[in-house]
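Working notes, structure below.
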Amino acid sequence: MLPLLAAVSADDDLHLARTLEARFAGDPGLARTLVERPDATIEPPRPASSGGLAAIDALRALGATLGGRIDVHHTIGEGGMGVVHLATQATLGRQVAVKTLRKGVDDRNAALRILREAWVTGALEHPNIVPVHDVGVDESGAPVIVMKRIEGHAWSSLMRDPGALARLFSAHDALEWNLRTLASVCNAVHFAHTRGILHRDLKPDNVMIGEFGEVYVLDWGIAISLAPDPSGRLPPASQAKDVAGTPHYMAPEMLLGDPGAYSQRTDVYLLGGIFYEIFAGEPPHRGDNVHAILSDILLSSPRFAPGFPREARRICQKALSREPRDRFESVEALRLAVEEYLRHRGSRKLAHDAEESCQRLQKVLETEPPGEERKLAVANLLGECRFGYHAALSAWPQNEAARRGLDGALLLVVDHLLAEGDALAAHALLHEVSAPPADVAARVQAAVRDREQEEERLRRMEGDLDPRVGTRTRTVIGAFFGVIWTVTTLAGGAYAHRVARMPYFATVVLPAVVFLALSLMAWAWARETMTKTLLNRRLGLTLQLYLLAQLVLAAGGWLMGMSPRSMHLVFLFAWGLTYLLLAIWAQPWFALPAVVAGVSFLIACAFPASVYALMALVNLVLTIVLVKTWFPRQDLERIRERRRELQRRAGTWLGQA
């Protein structure tokens, strides 16, 4: 980079600008173009080189005439020295564009200029560059260029017309369409750079959009070759000492007349100017006079409106850097930045849509009454938020706005779930938050601990009240006592028939003592099982208290001088009361012996002699109920399965026999 350009700043650019003004003073037409038509291309004078003229002479010597092969129709475009006709290529029967010199122009330099553009374009076979089909001469020896006919619109006429984009290409996002068009232009220019060609006049006017959205980079008329071309067909950069390009987009080094200042980063600057125009709606350089526009180009300090996206601003500032070394190192790097911006923009849009769902979620939480409808609405809206934010982060993992939005939506629902008492769901959602606030994490952990403690309490309660635990032991103890009570009662009844007066202690107190002792022995035998659950502990304690109460009643009756028959009648009532209480809190089936005991008590009151038979009946019913209720179902199923297996084996044996 020239030291003169490197020293340019807001304070000392006046000297350089005035030096350039003096340079333009000798060319009023150039100065007028700079001010009055800054969107027009300044074409440098090109003296005819010996190599280029030799190429023209060689073309003519080949007799490369196109007569008979090209049927020229009407004019479709016209420039300073050249004219473009619509024609038909007879050999292929297709319409083409034919460019040649205007009538009356007989200038070898003009002919060389047209041919050089054709040679440059022909050397660049790329989908985004107009193909050159043939080069020849007409009857007068003037050059004739046969190119693909492009039907479409200049990009400049579409860039700021969303209606046309929607109508012609069904493009409803003008910004995205323009940026993708720029990416296609970058592809073409990057390809040209790989062939050593610098365009120098990249602008929307020089990009054609075909009927089907094809993108073509046109007007390679002031392109130069960064690599030497011995044939003279390609204009060398060493001869690029004059001002060239379009003032609205010019890079600072394009004003200096130093061939060594040109590089691929010059085209990077021009493409950066188009990128700026896509967002700003105007090209990067403006000015009301020569000094103003020259200063604007040399300073290269684009102005950004308040709504200019920050990421796009960074791309512009890098691409439009005054110093070439500060720009993107290549057009491909710029294209990748554009593609990255598009991905980021898509990510931002997804995050914006998710934010709208998040706002609706907050409104539902604030205004909707509790109930299933709100629960369903919260679940659906949170799903929308998560899907949108995750999609945004998938497209651009560094999208901090999406990350913050996702965290905010999750924390919003975490607070709601804590208020609703759903600690486990809140804990699960909190794991998705990238950086959970300490106070929220502490609240969730406390709620989870409380929930776990409550669940543990409920599990213990469920286990304590599980009737399946200890069924075998309870069945054995119940059957044992039921049989003893039934047998001893029947024996007592038989004994009462044989004697006139039954001894109270032997028939009432002593059996009560024995039964209490047996219950204590049974408790010691089945201690491990009967203490495992609250239900078993209560049943065991009930049995012992019941027998202890019976002993107390017996002792009280003895002290009162009651007869054995009268005390046994009281026992019958006490049994019914005890079984009724067991039916209420332990097992409804105990209601059956309770009813039998109650009815038996009334019958025995009317017929005292039947008390022992009725007591035996109550004990028998109690035994049946105990066995039926507590007999282990799994053992019964094993018995049935074993029976079926024996039947199968018996059938097999009989069949074999």
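In the structure tokens, chains take letters A, B, ... by order of appearance, with residues numbered from 1 within each chain and ligands from 1 in the order shown.
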
Expected answer as a ChimeraX atom specification: alpha helix (DSSP H) residues in segment 362-446 of chain A: /A:362-367,372-395,400-420,423-430,438-446

Save out the residues we just selected, C-alpha atoms, as an mmCIF file, in the first residue's frame.
data_model
loop_
_atom_site.group_PDB
_atom_site.id
_atom_site.type_symbol
_atom_site.label_atom_id
_atom_site.label_comp_id
_atom_site.auth_asym_id
_atom_site.auth_seq_id
_atom_site.Cartn_x
_atom_site.Cartn_y
_atom_site.Cartn_z
ATOM 1 C CA GLN A 362 -46.176 -15.483 30.307
ATOM 2 C CA LYS A 363 -49.624 -14.029 29.642
ATOM 3 C CA VAL A 364 -51.280 -17.426 30.171
ATOM 4 C CA LEU A 365 -49.439 -17.896 33.470
ATOM 5 C CA GLU A 366 -50.473 -14.441 34.659
ATOM 6 C CA THR A 367 -54.099 -14.380 33.540
ATOM 7 C CA GLU A 372 -56.415 -28.479 33.057
ATOM 8 C CA GLU A 373 -56.822 -25.878 30.289
ATOM 9 C CA ARG A 374 -54.016 -23.728 31.664
ATOM 10 C CA LYS A 375 -51.853 -26.790 32.229
ATOM 11 C CA LEU A 376 -52.309 -27.845 28.608
ATOM 12 C CA ALA A 377 -51.718 -24.301 27.301
ATOM 13 C CA VAL A 378 -48.509 -23.976 29.339
ATOM 14 C CA ALA A 379 -47.213 -27.325 28.043
ATOM 15 C CA ASN A 380 -47.981 -26.416 24.419
ATOM 16 C CA LEU A 381 -46.500 -22.914 24.583
ATOM 17 C CA LEU A 382 -43.377 -24.124 26.373
ATOM 18 C CA GLY A 383 -43.004 -26.745 23.632
ATOM 19 C CA GLU A 384 -43.195 -24.001 20.990
ATOM 20 C CA CYS A 385 -40.622 -21.905 22.846
ATOM 21 C CA ARG A 386 -38.203 -24.785 23.284
ATOM 22 C CA PHE A 387 -38.546 -25.936 19.687
ATOM 23 C CA GLY A 388 -37.984 -22.419 18.314
ATOM 24 C CA TYR A 389 -35.032 -21.598 20.551
ATOM 25 C CA HIS A 390 -33.404 -25.004 20.002
ATOM 26 C CA ALA A 391 -33.780 -24.560 16.231
ATOM 27 C CA ALA A 392 -32.209 -21.103 16.516
ATOM 28 C CA LEU A 393 -29.293 -22.483 18.534
ATOM 29 C CA SER A 394 -28.887 -25.383 16.138
ATOM 30 C CA ALA A 395 -28.474 -22.916 13.261
ATOM 31 C CA GLU A 400 -26.919 -15.489 22.936
ATOM 32 C CA ALA A 401 -30.364 -13.940 22.505
ATOM 33 C CA ALA A 402 -31.802 -17.389 21.804
ATOM 34 C CA ARG A 403 -29.923 -18.849 24.764
ATOM 35 C CA ARG A 404 -31.221 -16.127 27.078
ATOM 36 C CA GLY A 405 -34.740 -16.519 25.714
ATOM 37 C CA LEU A 406 -34.698 -20.289 26.228
ATOM 38 C CA ASP A 407 -33.394 -19.891 29.775
ATOM 39 C CA GLY A 408 -36.047 -17.251 30.497
ATOM 40 C CA ALA A 409 -38.889 -19.459 29.239
ATOM 41 C CA LEU A 410 -37.629 -22.440 31.246
ATOM 42 C CA LEU A 411 -37.214 -20.410 34.434
ATOM 43 C CA LEU A 412 -40.675 -18.965 33.980
ATOM 44 C CA VAL A 413 -42.192 -22.444 33.946
ATOM 45 C CA VAL A 414 -39.873 -23.623 36.742
ATOM 46 C CA ASP A 415 -41.341 -20.904 38.998
ATOM 47 C CA HIS A 416 -44.829 -21.939 37.941
ATOM 48 C CA LEU A 417 -44.153 -25.620 38.683
ATOM 49 C CA LEU A 418 -42.713 -24.788 42.087
ATOM 50 C CA ALA A 419 -45.842 -22.806 42.893
ATOM 51 C CA GLU A 420 -47.942 -25.770 41.726
ATOM 52 C CA ALA A 423 -40.856 -30.210 42.211
ATOM 53 C CA LEU A 424 -39.694 -33.106 39.997
ATOM 54 C CA ALA A 425 -40.842 -31.418 36.772
ATOM 55 C CA ALA A 426 -39.231 -28.158 37.912
ATOM 56 C CA HIS A 427 -35.984 -30.035 38.630
ATOM 57 C CA ALA A 428 -36.027 -31.647 35.173
ATOM 58 C CA LEU A 429 -36.553 -28.295 33.436
ATOM 59 C CA LEU A 430 -33.863 -26.586 35.500
ATOM 60 C CA ALA A 438 -28.447 -19.771 42.588
ATOM 61 C CA ASP A 439 -31.644 -18.823 44.406
ATOM 62 C CA VAL A 440 -33.837 -20.726 41.941
ATOM 63 C CA ALA A 441 -31.567 -23.788 42.116
ATOM 64 C CA ALA A 442 -31.738 -23.685 45.924
ATOM 65 C CA ARG A 443 -35.535 -23.453 45.872
ATOM 66 C CA VAL A 444 -35.791 -26.373 43.463
ATOM 67 C CA GLN A 445 -33.397 -28.505 45.510
ATOM 68 C CA ALA A 446 -35.352 -27.756 48.681
#

Contacts of Ala90 of chain A at 6 Å (only C-alpha atoms; same-chain gap of 3+ positions) as a PyMOL selection string: chain A and resi 69-70+93

Exercise: segment 242-253 of chain A partners within 9 Å, only C-alpha atoms, chain neighbours under 2 positions left out, as an NGL selection string: :A and (1-2 or 5 or 30 or 33-35 or 37-45 or 200-203 or 222 or 239-240 or 255-259 or 261-262 or 266-267 or 269-274 or 283-286 or 293-294 or 297-300 or 320 or 322-324)

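If you measure from each of A:Gly421, A:Ile624, A:Tyr612, A:Tyr216 to Pro593 of chain A using only C-alpha atoms, the closest one turns out to be A:Ile624.
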
Residue nearest Glu277 of chain A - candidates A:Val132, A:Ala609, A:Pro302, A:Leu342, atoms counted: only C-alpha atoms: A:Pro302

Filtered DSSP result for segment 124-272 of chain A, state strand (DSSP E or B), as a list of chain:residue names: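 Result set for segment 124-272 of chain A (strand (DSSP E or B)): A:Ile129, A:Val132, A:His133, A:Asp134, A:Val135, A:Gly136, A:Val137, A:Pro143, A:Val144, A:Ile145, A:Val146, A:Met147, A:Lys148, A:Gly152, A:His153, A:Ala154, A:Ile197, A:Leu198, A:Val207, A:Met208, A:Ile209, A:Gly210, A:Val215, A:Tyr216, A:Val217, A:Ile224, A:Ser225, A:Pro236, A:Gly245.
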
Nearest-residue call for Ala164 of chain A, choices A:Tyr546, A:Pro503, A:Trp177, A:Ala319, using only C-alpha atoms: A:Trp177

Top pick for closest residue to Asp138 of chain A, considering A:Val72, A:Val189, A:Leu577, A:Leu158 and counting only C-alpha atoms: A:Val72

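Between atom CA of Met147 of chain A and atom CA of Ala87 of chain A there is a distance of 10.0 Å.
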
Determine, for each residue of segment 226-297 of chain A having at least one atom at most 8 Å from an atom of segment 101-123 of chain A, the closest pair of atoms and their separation in Å to one decimal, counting only C-alpha atoms; order by chain and ascending number, as a Markdown table.
| residue | atom | partner | partner_atom | distance |
| --- | --- | --- | --- | --- |
| A:Arg233 | CA | A:Arg116 | CA | 5.9 |
| A:Leu234 | CA | A:Arg116 | CA | 6.1 |
| A:Pro235 | CA | A:Arg116 | CA | 7.3 |

Please write the residues from the selection above to a file, keeping N, CA and C atoms, as an mmCIF file, in the first residue's frame.
data_model
loop_
_atom_site.group_PDB
_atom_site.id
_atom_site.type_symbol
_atom_site.label_atom_id
_atom_site.label_comp_id
_atom_site.auth_asym_id
_atom_site.auth_seq_id
_atom_site.Cartn_x
_atom_site.Cartn_y
_atom_site.Cartn_z
ATOM 1 N N ARG A 233 -3.766 -11.023 -25.008
ATOM 2 C CA ARG A 233 -5.223 -10.979 -25.020
ATOM 3 C C ARG A 233 -5.787 -10.356 -23.737
ATOM 4 N N LEU A 234 -5.174 -10.680 -22.578
ATOM 5 C CA LEU A 234 -5.686 -10.185 -21.316
ATOM 6 C C LEU A 234 -4.916 -8.942 -20.894
ATOM 7 N N PRO A 235 -5.616 -7.854 -20.539
ATOM 8 C CA PRO A 235 -4.932 -6.606 -20.163
ATOM 9 C C PRO A 235 -4.175 -6.789 -18.859
#

d(atom CA of Arg325 of chain A, atom CA of Thr194 of chain A) in Å: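 Between these atoms lies a distance of 19.0 Å.
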